[in-house]
Every structure is written in C-alpha cells, then in structure tokens.
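Source file entry38.txt; content: compact mmCIF, C-alpha atoms.
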```txt
# COMPACT_ATOMS: atom_id res chain seq x y z
CA MET A 1 -34.59 257.32 -1.68
CA GLN A 2 -30.98 258.21 -0.91
CA LYS A 3 -29.80 261.18 1.17
CA ILE A 4 -32.93 263.28 0.57
CA PRO A 5 -32.42 266.58 2.47
CA GLY A 6 -34.67 267.07 5.47
CA HIS A 7 -35.90 270.50 4.31
CA LEU A 8 -37.22 268.99 1.07
CA MET A 9 -39.06 266.29 3.01
CA ASN A 10 -40.55 268.97 5.27
CA PHE A 11 -41.86 270.96 2.30
CA ASN A 12 -43.25 267.74 0.83
CA THR A 13 -45.13 266.73 3.99
CA GLN A 14 -45.95 270.14 5.50
CA GLY A 15 -46.54 272.08 2.28
CA LEU A 16 -44.77 275.07 0.76
CA GLU A 17 -46.31 277.35 3.41
CA TYR A 18 -44.22 275.67 6.15
CA ALA A 19 -43.26 278.82 8.05
CA PRO A 20 -39.98 277.75 9.74
CA GLN A 21 -38.35 277.25 6.32
CA LEU A 22 -39.63 280.27 4.39
CA ASN A 23 -37.22 282.94 3.09
CA ILE A 24 -34.21 280.70 3.71
CA GLN A 25 -31.87 279.78 0.87
CA TYR A 26 -30.93 276.11 0.96
CA ALA A 27 -27.88 274.84 -0.93
CA GLU A 28 -27.38 271.10 -1.51
CA ASN A 29 -24.03 270.42 -3.18
CA ASN A 30 -24.02 266.68 -2.43
CA PRO A 31 -25.94 264.29 -4.71
CA PHE A 32 -29.27 262.84 -3.64
CA ALA A 33 -31.60 260.54 -5.55
CA ALA A 34 -34.97 258.79 -5.64
CA SER A 35 -35.87 255.79 -7.79
CA THR A 36 -38.58 253.20 -8.22
CA LEU A 37 -38.48 249.97 -10.22
CA GLY A 38 -40.94 247.14 -10.72
CA TRP A 39 -40.05 243.83 -12.38
CA ALA A 40 -40.61 240.09 -12.52
CA GLU A 41 -37.81 237.55 -12.81
CA LEU A 42 -37.11 233.97 -13.89
CA GLY A 43 -33.95 232.36 -12.56
CA LEU A 44 -31.84 229.26 -12.17
CA SER A 45 -29.48 228.48 -9.31
CA TYR A 46 -26.59 226.05 -8.99
CA ALA A 47 -24.39 225.34 -5.97
CA THR A 48 -21.78 222.70 -5.25
CA THR A 49 -18.99 221.77 -2.84
CA VAL A 50 -15.64 222.57 -4.43
CA ALA A 51 -13.22 221.43 -1.72
CA GLY A 52 -13.33 219.91 1.70
CA THR A 53 -12.33 217.28 4.24
CA GLN A 54 -14.11 215.47 7.03
CA ASP A 55 -13.67 218.58 9.19
CA ASN A 56 -14.53 221.42 6.81
CA ASN A 57 -15.67 222.26 3.29
CA TRP A 58 -15.98 225.08 0.77
CA ALA A 59 -19.08 225.58 -1.38
CA VAL A 60 -19.87 228.08 -4.14
CA GLY A 61 -23.13 229.02 -5.79
CA ILE A 62 -24.51 231.20 -8.58
CA THR A 63 -27.98 232.35 -9.57
CA GLY A 64 -28.77 233.84 -12.97
CA ARG A 65 -32.04 235.63 -13.74
CA TYR A 66 -33.88 237.06 -16.71
CA LEU A 67 -35.73 240.26 -15.74
CA MET A 68 -38.95 241.71 -17.16
CA GLY A 69 -39.54 245.38 -16.28
CA TYR A 70 -42.99 246.84 -15.61
CA HIS A 71 -41.99 250.41 -14.75
CA ALA A 72 -39.02 252.54 -13.74
CA MET A 73 -38.39 256.09 -12.64
CA SER A 74 -35.16 257.72 -11.49
CA LEU A 75 -34.30 261.23 -10.31
CA ARG A 76 -30.81 262.40 -9.33
CA SER A 77 -29.77 265.87 -8.19
CA ASP A 78 -26.12 266.90 -8.23
CA LYS A 79 -26.67 270.56 -7.30
CA LEU A 80 -29.67 272.37 -5.85
CA VAL A 81 -29.88 275.94 -4.55
CA TYR A 82 -33.41 277.25 -3.86
CA GLU A 83 -35.61 279.38 -1.61
CA VAL A 84 -39.36 279.53 -0.95
CA ASP A 85 -40.85 282.93 -0.07
CA ASP A 86 -44.01 283.92 1.81
CA ASP A 87 -46.15 283.79 -1.37
CA ARG A 88 -45.12 280.21 -2.22
CA ASN A 89 -42.85 281.37 -5.02
CA ILE A 90 -39.95 278.94 -5.51
CA HIS A 91 -36.70 280.68 -6.47
CA LEU A 92 -34.41 278.12 -8.09
CA ALA A 93 -30.98 279.76 -8.13
CA ARG A 94 -29.08 276.77 -9.50
CA VAL A 95 -30.27 273.29 -10.47
CA ASN A 96 -28.38 270.36 -11.99
CA LEU A 97 -30.76 267.41 -12.11
CA GLU A 98 -31.53 264.35 -14.24
CA ALA A 99 -34.89 262.60 -14.38
CA MET A 100 -36.12 259.71 -16.49
CA GLY A 101 -39.03 257.36 -16.42
CA SER A 102 -40.75 254.52 -18.22
CA LEU A 103 -44.17 254.46 -16.60
CA PRO A 104 -47.33 252.51 -17.45
CA PHE A 105 -49.49 255.52 -18.39
CA ASP A 106 -49.75 258.21 -21.03
CA ASP A 107 -48.02 261.50 -20.08
CA ALA A 108 -50.73 263.67 -21.63
CA THR A 109 -53.87 261.86 -20.44
CA ASN A 110 -52.57 259.92 -17.39
CA GLN A 111 -54.42 256.89 -18.77
CA THR A 112 -52.96 253.41 -18.38
CA GLY A 113 -51.28 252.18 -21.56
CA ALA A 114 -52.40 249.31 -23.76
CA ALA A 115 -51.94 245.75 -22.49
CA GLU A 116 -49.45 244.87 -25.24
CA ASN A 117 -47.06 247.50 -23.85
CA TYR A 118 -47.29 246.28 -20.28
CA LEU A 119 -43.62 245.26 -20.22
CA LYS A 120 -41.39 248.32 -20.64
CA GLY A 121 -37.96 246.70 -20.60
CA SER A 122 -35.83 243.66 -19.86
CA GLY A 123 -32.46 242.78 -18.37
CA PHE A 124 -30.45 240.28 -16.38
CA SER A 125 -28.90 239.81 -12.95
CA PHE A 126 -26.62 237.46 -11.02
CA ASP A 127 -25.95 236.42 -7.43
CA LEU A 128 -22.58 234.94 -6.49
CA GLY A 129 -21.65 233.38 -3.17
CA VAL A 130 -19.12 231.25 -1.30
CA THR A 131 -19.50 229.44 2.04
CA PHE A 132 -16.98 227.88 4.42
CA SER A 133 -18.24 225.37 7.00
CA GLU A 134 -16.48 223.70 9.89
CA ASN A 135 -18.20 220.38 10.33
CA SER A 136 -19.27 218.77 13.56
CA THR A 137 -20.77 215.28 13.70
CA MET A 138 -22.05 215.95 17.22
CA ALA A 139 -24.31 218.64 15.75
CA LEU A 140 -26.54 215.85 14.45
CA GLU A 141 -27.38 215.01 18.04
CA VAL A 142 -27.67 218.49 19.57
CA ILE A 143 -29.94 220.23 17.06
CA ASN A 144 -32.54 217.50 16.52
CA LEU A 145 -34.63 215.44 18.83
CA ARG A 146 -33.35 212.36 16.99
CA PRO A 147 -30.62 211.88 14.38
CA ILE A 148 -31.52 212.63 10.76
CA PRO A 149 -29.47 212.56 7.54
CA ARG A 150 -26.52 214.90 7.22
CA ALA A 151 -28.12 216.70 4.26
CA GLN A 152 -30.96 217.89 6.49
CA ALA A 153 -29.25 218.46 9.82
CA ALA A 154 -27.15 221.38 10.99
CA ASP A 155 -24.01 219.26 10.65
CA TYR A 156 -21.65 222.19 11.21
CA ARG A 157 -20.14 224.03 14.12
CA TYR A 158 -20.11 227.33 12.27
CA ARG A 159 -20.56 228.69 8.77
CA LEU A 160 -19.05 231.79 7.18
CA GLY A 161 -20.43 233.09 3.90
CA PHE A 162 -19.84 235.96 1.51
CA SER A 163 -22.03 236.90 -1.44
CA VAL A 164 -22.72 239.68 -3.92
CA LEU A 165 -26.43 240.11 -4.65
CA ASP A 166 -28.38 241.52 -7.59
CA ILE A 167 -25.54 242.31 -9.98
CA GLY A 168 -27.27 243.70 -13.06
CA GLY A 169 -30.11 245.90 -14.22
CA LEU A 170 -32.91 246.53 -16.71
CA ARG A 171 -32.80 248.37 -20.00
CA MET A 172 -36.04 250.32 -20.24
CA LYS A 173 -37.10 251.04 -23.83
CA GLU A 174 -40.87 251.71 -23.96
CA ASN A 175 -42.83 254.90 -23.14
CA ILE A 176 -39.67 256.75 -22.06
CA ARG A 177 -39.57 260.35 -20.81
CA SER A 178 -36.17 261.79 -19.95
CA PHE A 179 -34.94 265.31 -19.28
CA GLU A 180 -32.01 267.12 -17.70
CA PHE A 181 -31.91 270.47 -15.90
CA SER A 182 -28.48 271.93 -16.69
CA GLU A 183 -27.35 274.97 -14.66
CA MET A 184 -30.99 276.00 -14.56
CA SER A 185 -32.19 279.19 -12.84
CA LEU A 186 -35.81 280.38 -12.66
CA THR A 187 -38.62 281.60 -10.45
CA TRP A 188 -41.69 279.36 -10.21
CA PRO A 189 -44.51 281.70 -9.15
CA ASN A 190 -47.19 280.58 -6.71
CA ALA A 191 -46.30 276.91 -7.09
CA HIS A 192 -49.18 274.45 -6.62
CA TRP A 193 -48.75 270.81 -7.67
CA GLU A 194 -52.51 270.43 -7.95
CA ASP A 195 -52.60 272.96 -10.80
CA TYR A 196 -51.01 270.45 -13.20
CA ASP A 197 -52.81 267.54 -14.80
CA ASN A 198 -49.70 265.94 -16.24
CA LEU A 199 -45.92 266.20 -16.56
CA ASN A 200 -46.07 268.11 -19.86
CA GLN A 201 -47.88 271.04 -18.23
CA LEU A 202 -45.31 271.21 -15.45
CA LEU A 203 -42.37 271.25 -17.88
CA ASP A 204 -44.06 273.95 -19.97
CA THR A 205 -44.37 276.16 -16.87
CA LEU A 206 -40.71 275.70 -15.94
CA GLU A 207 -39.49 276.41 -19.48
CA SER A 208 -41.61 279.56 -19.76
CA ASN A 209 -40.03 280.97 -16.57
CA LEU A 210 -36.47 279.95 -17.39
CA VAL A 211 -33.89 282.69 -16.63
CA SER A 212 -30.68 280.83 -17.45
CA GLY A 213 -29.47 277.32 -18.21
CA GLU A 214 -31.53 274.83 -20.19
CA ILE A 215 -33.91 271.90 -20.00
CA ILE A 216 -32.66 269.09 -22.28
CA HIS A 217 -35.25 266.54 -23.45
CA ARG A 218 -34.23 263.00 -24.39
CA ASP A 219 -37.60 261.34 -24.80
CA GLY A 220 -37.53 257.87 -26.32
CA GLU A 221 -33.87 257.10 -25.57
CA PRO A 222 -33.50 253.70 -23.81
CA TYR A 223 -31.67 253.76 -20.50
CA TRP A 224 -30.43 251.34 -17.83
CA VAL A 225 -31.61 251.19 -14.23
CA GLY A 226 -29.52 249.16 -11.79
CA LEU A 227 -30.85 246.64 -9.29
CA PRO A 228 -30.18 247.03 -5.53
CA THR A 229 -26.70 245.49 -5.70
CA ALA A 230 -25.08 244.71 -2.35
CA ALA A 231 -22.27 242.76 -0.71
CA SER A 232 -23.27 240.48 2.14
CA LEU A 233 -21.28 238.75 4.88
CA GLN A 234 -22.93 236.09 7.07
CA PHE A 235 -21.83 234.09 10.12
CA ASP A 236 -23.86 231.31 11.73
CA TYR A 237 -22.73 229.53 14.92
CA ASN A 238 -24.22 226.33 16.31
CA LEU A 239 -24.47 226.75 20.10
CA GLY A 240 -25.89 223.26 20.63
CA SER A 241 -29.24 221.92 21.87
CA GLY A 242 -31.03 223.59 18.96
CA PHE A 243 -29.78 227.14 19.63
CA PHE A 244 -27.93 229.22 17.04
CA ALA A 245 -26.46 232.72 16.78
CA TYR A 246 -26.50 234.32 13.32
CA ALA A 247 -24.98 237.67 12.34
CA PHE A 248 -24.95 239.45 8.99
CA TRP A 249 -23.72 242.61 7.31
CA VAL A 250 -25.16 244.02 4.06
CA GLN A 251 -23.47 246.93 2.27
CA ASP A 252 -25.10 248.76 -0.64
CA LEU A 253 -22.93 248.88 -3.79
CA PRO A 254 -23.55 251.81 -6.19
CA LEU A 255 -22.55 250.13 -9.46
CA MET A 256 -24.82 252.26 -11.68
CA ARG A 257 -25.58 255.99 -11.68
CA HIS A 258 -29.33 255.39 -11.94
CA ARG A 259 -30.45 252.54 -9.70
CA VAL A 260 -32.65 251.46 -6.85
CA ALA A 261 -30.66 251.24 -3.62
CA ARG A 262 -30.64 248.53 -0.99
CA PRO A 263 -30.38 249.90 2.56
CA SER A 264 -27.16 248.86 4.28
CA GLN A 265 -27.79 246.79 7.40
CA LEU A 266 -26.20 245.11 10.39
CA GLY A 267 -28.06 242.36 12.19
CA ILE A 268 -27.94 239.70 14.90
CA VAL A 269 -30.46 236.85 14.78
CA PRO A 270 -30.68 234.42 17.71
CA ARG A 271 -32.81 231.39 16.90
CA TYR A 272 -33.99 228.03 18.18
CA GLU A 273 -34.46 225.28 15.62
CA THR A 274 -35.56 221.65 15.49
CA ARG A 275 -36.96 219.58 12.68
CA TRP A 276 -40.57 220.56 13.38
CA PHE A 277 -40.24 223.98 14.95
CA ALA A 278 -38.04 227.09 14.74
CA PHE A 279 -38.23 230.58 16.19
CA ALA A 280 -35.97 233.58 15.44
CA MET A 281 -35.84 237.18 16.65
CA PRO A 282 -33.80 239.37 14.26
CA VAL A 283 -32.35 242.59 15.66
CA THR A 284 -31.26 244.78 12.75
CA PHE A 285 -29.95 248.30 12.24
CA HIS A 286 -31.48 249.77 9.10
CA ASP A 287 -28.96 252.02 7.34
CA TYR A 288 -26.63 251.29 10.30
CA ARG A 289 -28.61 253.56 12.64
CA LYS A 290 -32.33 252.73 12.81
CA PRO A 291 -33.02 249.71 15.06
CA ARG A 292 -35.66 247.13 14.19
CA LEU A 293 -36.88 244.11 16.12
CA GLY A 294 -38.65 241.35 14.17
CA PHE A 295 -39.59 237.72 14.58
CA SER A 296 -40.20 234.59 12.52
CA MET A 297 -41.61 231.17 13.32
CA ARG A 298 -41.53 227.89 11.41
CA LEU A 299 -43.88 224.95 11.87
CA ALA A 300 -42.60 222.02 9.80
CA PHE A 301 -42.39 223.45 6.26
CA LEU A 302 -44.33 226.75 6.82
CA THR A 303 -42.49 229.91 7.92
CA ILE A 304 -44.11 233.25 8.77
CA GLY A 305 -42.50 236.43 10.08
CA THR A 306 -41.92 240.16 9.93
CA GLU A 307 -38.79 242.30 9.96
CA GLN A 308 -40.31 245.48 11.38
CA PRO A 309 -43.62 245.24 13.26
CA GLY A 310 -42.71 248.49 15.03
CA GLY A 311 -43.99 250.57 12.12
CA MET A 312 -47.51 249.27 12.69
CA LEU A 313 -47.27 249.64 16.47
CA GLY A 314 -45.89 253.19 16.21
CA VAL A 315 -42.75 252.49 18.25
CA ASN A 316 -40.27 253.80 15.65
CA GLU A 317 -39.98 256.44 12.93
CA LEU A 318 -40.48 254.07 9.99
CA ASP A 319 -43.97 254.37 8.57
CA GLY A 320 -44.34 250.87 7.12
CA MET A 321 -44.08 247.25 8.12
CA ASP A 322 -43.51 243.99 6.27
CA PHE A 323 -44.81 240.46 6.43
CA TYR A 324 -43.46 237.35 4.74
CA PHE A 325 -44.13 233.64 4.53
CA SER A 326 -42.54 230.69 2.79
CA ILE A 327 -43.30 227.02 2.15
CA THR A 328 -40.33 224.69 1.69
CA TRP A 329 -40.85 221.13 0.54
CA GLY A 330 -37.94 219.09 -0.81
CA LYS A 331 -37.90 215.50 -1.97
CA GLU A 332 -34.23 214.86 -2.61
CA ASN A 333 -33.95 212.58 0.47
CA CYS A 334 -37.28 210.78 0.24
CA SER A 335 -37.06 207.01 0.73
CA ARG A 336 -33.29 207.04 1.32
CA LYS A 337 -32.01 205.12 4.25
CA ASN A 338 -30.61 207.11 7.11
CA PRO A 339 -26.81 206.89 6.75
CA TYR A 340 -26.39 207.22 10.54
CA LYS A 341 -28.85 204.47 11.46
CA SER A 342 -29.47 201.08 9.95
CA VAL A 343 -33.22 201.59 10.26
CA ASN A 344 -35.74 204.36 9.60
CA GLN A 345 -36.31 206.28 6.42
CA ALA A 346 -35.41 209.91 5.91
CA PRO A 347 -38.22 212.50 5.90
CA CYS A 348 -39.12 214.41 2.73
CA TYR A 349 -38.34 217.94 3.91
```
Encoded form (structure tokens):
Amino acid sequence: MQKIPGHLMNFNTQGLEYAPQLNIQYAENNPFAASTLGWAELGLSYATTVAGTQDNNWAVGITGRYLMGYHAMSLRSDKLVYEVDDDRNIHLARVNLEAMGSLPFDDATNQTGAAENYLKGSGFSFDLGVTFSENSTMALEVINLRPIPRAQAADYRYRLGFSVLDIGGLRMKENIRSFEFSEMSLTWPNAHWEDYDNLNQLLDTLESNLVSGEIIHRDGEPYWVGLPTAASLQFDYNLGSGFFAYAFWVQDLPLMRHRVARPSQLGIVPRYETRWFAFAMPVTFHDYRKPRLGFSMRLAFLTIGTEQPGGMLGVNELDGMDFYFSITWGKENCSRKNPYKSVNQAPCY
C-alpha cells in the first residue's frame, strides 16, 4: 500500500460508524494505491571482474528471470472526495479510480478456478549491479582464525556497490476484471460490505445509484503489473579482527503505473564474522521513518534471522514480523591447494 490516507484506514479498522469522522467531507487530491502480486521465478545470474589491479577491482553482474504469475490486483485513486453520515450512507462527491485484478477464483461464485488456469500470467525481470573493492591482503589474517583462499576470505578493505533490482513485470491475461470510475458521483445508502457475496453485486449497487460520471468496464483486457523495482547503494567496511560495518540505502522506483512497491529503507548493519560463525544486528528505517532492529546468526553454512521481531513483541506499530533462513554450500574451491600456504586443502564452503 502506498500513501493510503489515515481516515480511510480508520474507517476500515473501526467501521463506518467511527464517530470522530462522521459528517466530515474528506478530499484526497494526491494519488494513493494498493496492490498485491504473487509469482514464481526461474533465473540465471552471471558476474565477473571487468577491471582491476593488485589494489582494487571492478565487478559487474546481471540476473535474468522468467516470471510465472499466480494472481494480481491493483487499485489506484487519483481523486477522492467523500463523506460518511450518521446512517452509514457514503456520499461520493467525486471519484477517479482504476482497479484491475486477475485472481484465482470466480467472480460470481467465489470458487477457486480450475487447476489448468492456476497460472494467470507471465513476464520477465532483471537485476543489474556493479561493485568496486579496495583490496587488502592483511584482511586474510584479521577476519579468519587462520588463512584461507582469497576467494573465500574478506580480502578487501572496503566495498562499494550499486544495483537496480527487479526491473520488469508480469502481463496478466487470465480471469481478468478491470474497471474505471471516471468523475463518478453517487450516494451509497447504508453501506455494509457483508451484504455482498461477490464483486458483481457491489458494482451493480454502485451503478444503480450513479448520479454523474461513469463506470467503465474492461474485463478480459490483459494488463501489466510492475515488480517492486528499486535502486540500492551498499557500503561494507572491514574493521579488522572479524568485525565489519555495513550500510545500505534502498529507494523505490515507480517505473510502472500499476505495480507493487518496495518500501524505501536506510540501514546500518554491524557484524562479526569468521569462517564458522557470524552474527549481525541490522538497524533499519522502514520508509525512512519507522525504526526496526533485527538480528541474524550463521553457523557454518546455515543462517537464520529476522528483520523485525518487534512486531511480535509489540514494541512498534508494525503488525507483522519476518523470519528467514538460508543454506549456502559451494564446491568451487574443493580440493584446491591454498594459494597462501604450501600445505592444507581449501574447505568446500
């Protein structure tokens, strides 16, 4: 959701009988939107060093993905003027709004669609990135308890990276409902969401009470929904003795009119890291203003963590929390001799 007005959220959570907001005309002239998108993806990545010396190097990388869409829904309002009275009548004085969806159920019966129509669309996406590193041979000694190959050690003093993430989108083309409210004005008497079994009944009620403007239907027309595209800047500094300071900035990029948005963020992540153990404590500012404190821990090749445990503990306003884990196991250095020692074999991760 992007820039949803507080009074709409209050009516949604408190109900249309929320007394402090009754008999007040609200006018929202700035756009706001809400979207949801579900998909699977298959991708390939390639990265390589393009220039460098003994002291520094430049690397670039690209990831391409094929996307398979399960569902999508997008709503965007460009103009909304309304009022709710004491009898729960909604007076829509002016509405300019677009809504479209490709959802996995029938609009008339609310039953889940057939299995052969499970995928509603497809698309593509790319990630692009570049990294500059200033090398430091002494980093091989300070980060690890014993020297290991350059490919697996933090053999840099600092790294600076820039990337653009999730460039692309999905073209939804199955089970599509789409409509536009154009300069619409009406009174919706005694509005109760629970009175409607499906979307068709709701649209029929709105059209029957229409005073001016129109409701334009575009059912069946394919449409594009953008991924959460963002620009990202990262900086990682090797403090020595296994300690690092990492900072990042992520800025949402609105490349498509209908899209799912990535929250912009600033973050600082201090961490301690050796070959067998790592611990990090990310401090982030969600949407530049909501602080979060998370943690992650790695034992050998297993990493577990969370970005916002505060939602579960009730220490912030965000209602949710997240949890992640990863297993990393590489074999590109198995059985190679350590280039910094004449003995010992390199580990496999």
Query - Contact residues around stretch 235-246 of chain A with all atoms listed in the file at 6 Å, ignoring same-chain residues under 4 positions, as a count of residues only - result: 12
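One finds atom CA of A:Pro263 at 19.6 Å from atom CA of A:Gly161.
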Requested in this report: Rounded to one decimal place, report the atom CA of A:Ser185-atom CA of A:Asn209 distance in Å.
Outcome: 8.9 Å
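Residues lying within 7 Å of A:His91, counting only C-alpha atoms and ignoring same-chain neighbours fewer than 5 positions away, are Tyr82, Glu83, Val84, Leu186, Thr187 and Trp188 of chain A.
Distance-wise, atom CA of A:Asp166 and atom CA of A:Gln265 end up 15.9 Å apart.
Residues lying at most 8 Å from (-30.6, 244.3, -6.2) in file coordinates, with only C-alpha atoms considered, are Leu165, Asp166, Ile167, Gly168, Gly226, Leu227, Pro228, Thr229, Ala230, Val260, Ala261 and Arg262 of chain A.
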**Report entry** Best match for closeness to A:Asp322 among A:Met172, A:Leu293, A:Ala300, A:Leu8, counting all atoms listed in the file
**Finding:** A:Leu293
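Comparing the minimum interatomic distances between A:Leu67 and each of A:Asp197, A:Asp55, A:Asp127, A:Glu41, counting all atoms listed in the file, we find that A:Glu41 sits nearest.
Nearest to A:Lys3 of all the residues A:Ile24, A:Leu119, A:Gln54, A:Asp287 is A:Asp287, based on only C-alpha atoms.
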Report task. Find, counting only C-alpha atoms, the residue in A:Gln251, A:Glu207, A:Asn89, A:Leu199 that gets nearest to A:Val164. Result -> A:Gln251
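With all atoms listed in the file as the basis for measurement, A:Arg65 is the residue among A:Asp87, A:Ala93, A:Ser178, A:Arg65 that approaches A:Ser125 most closely.
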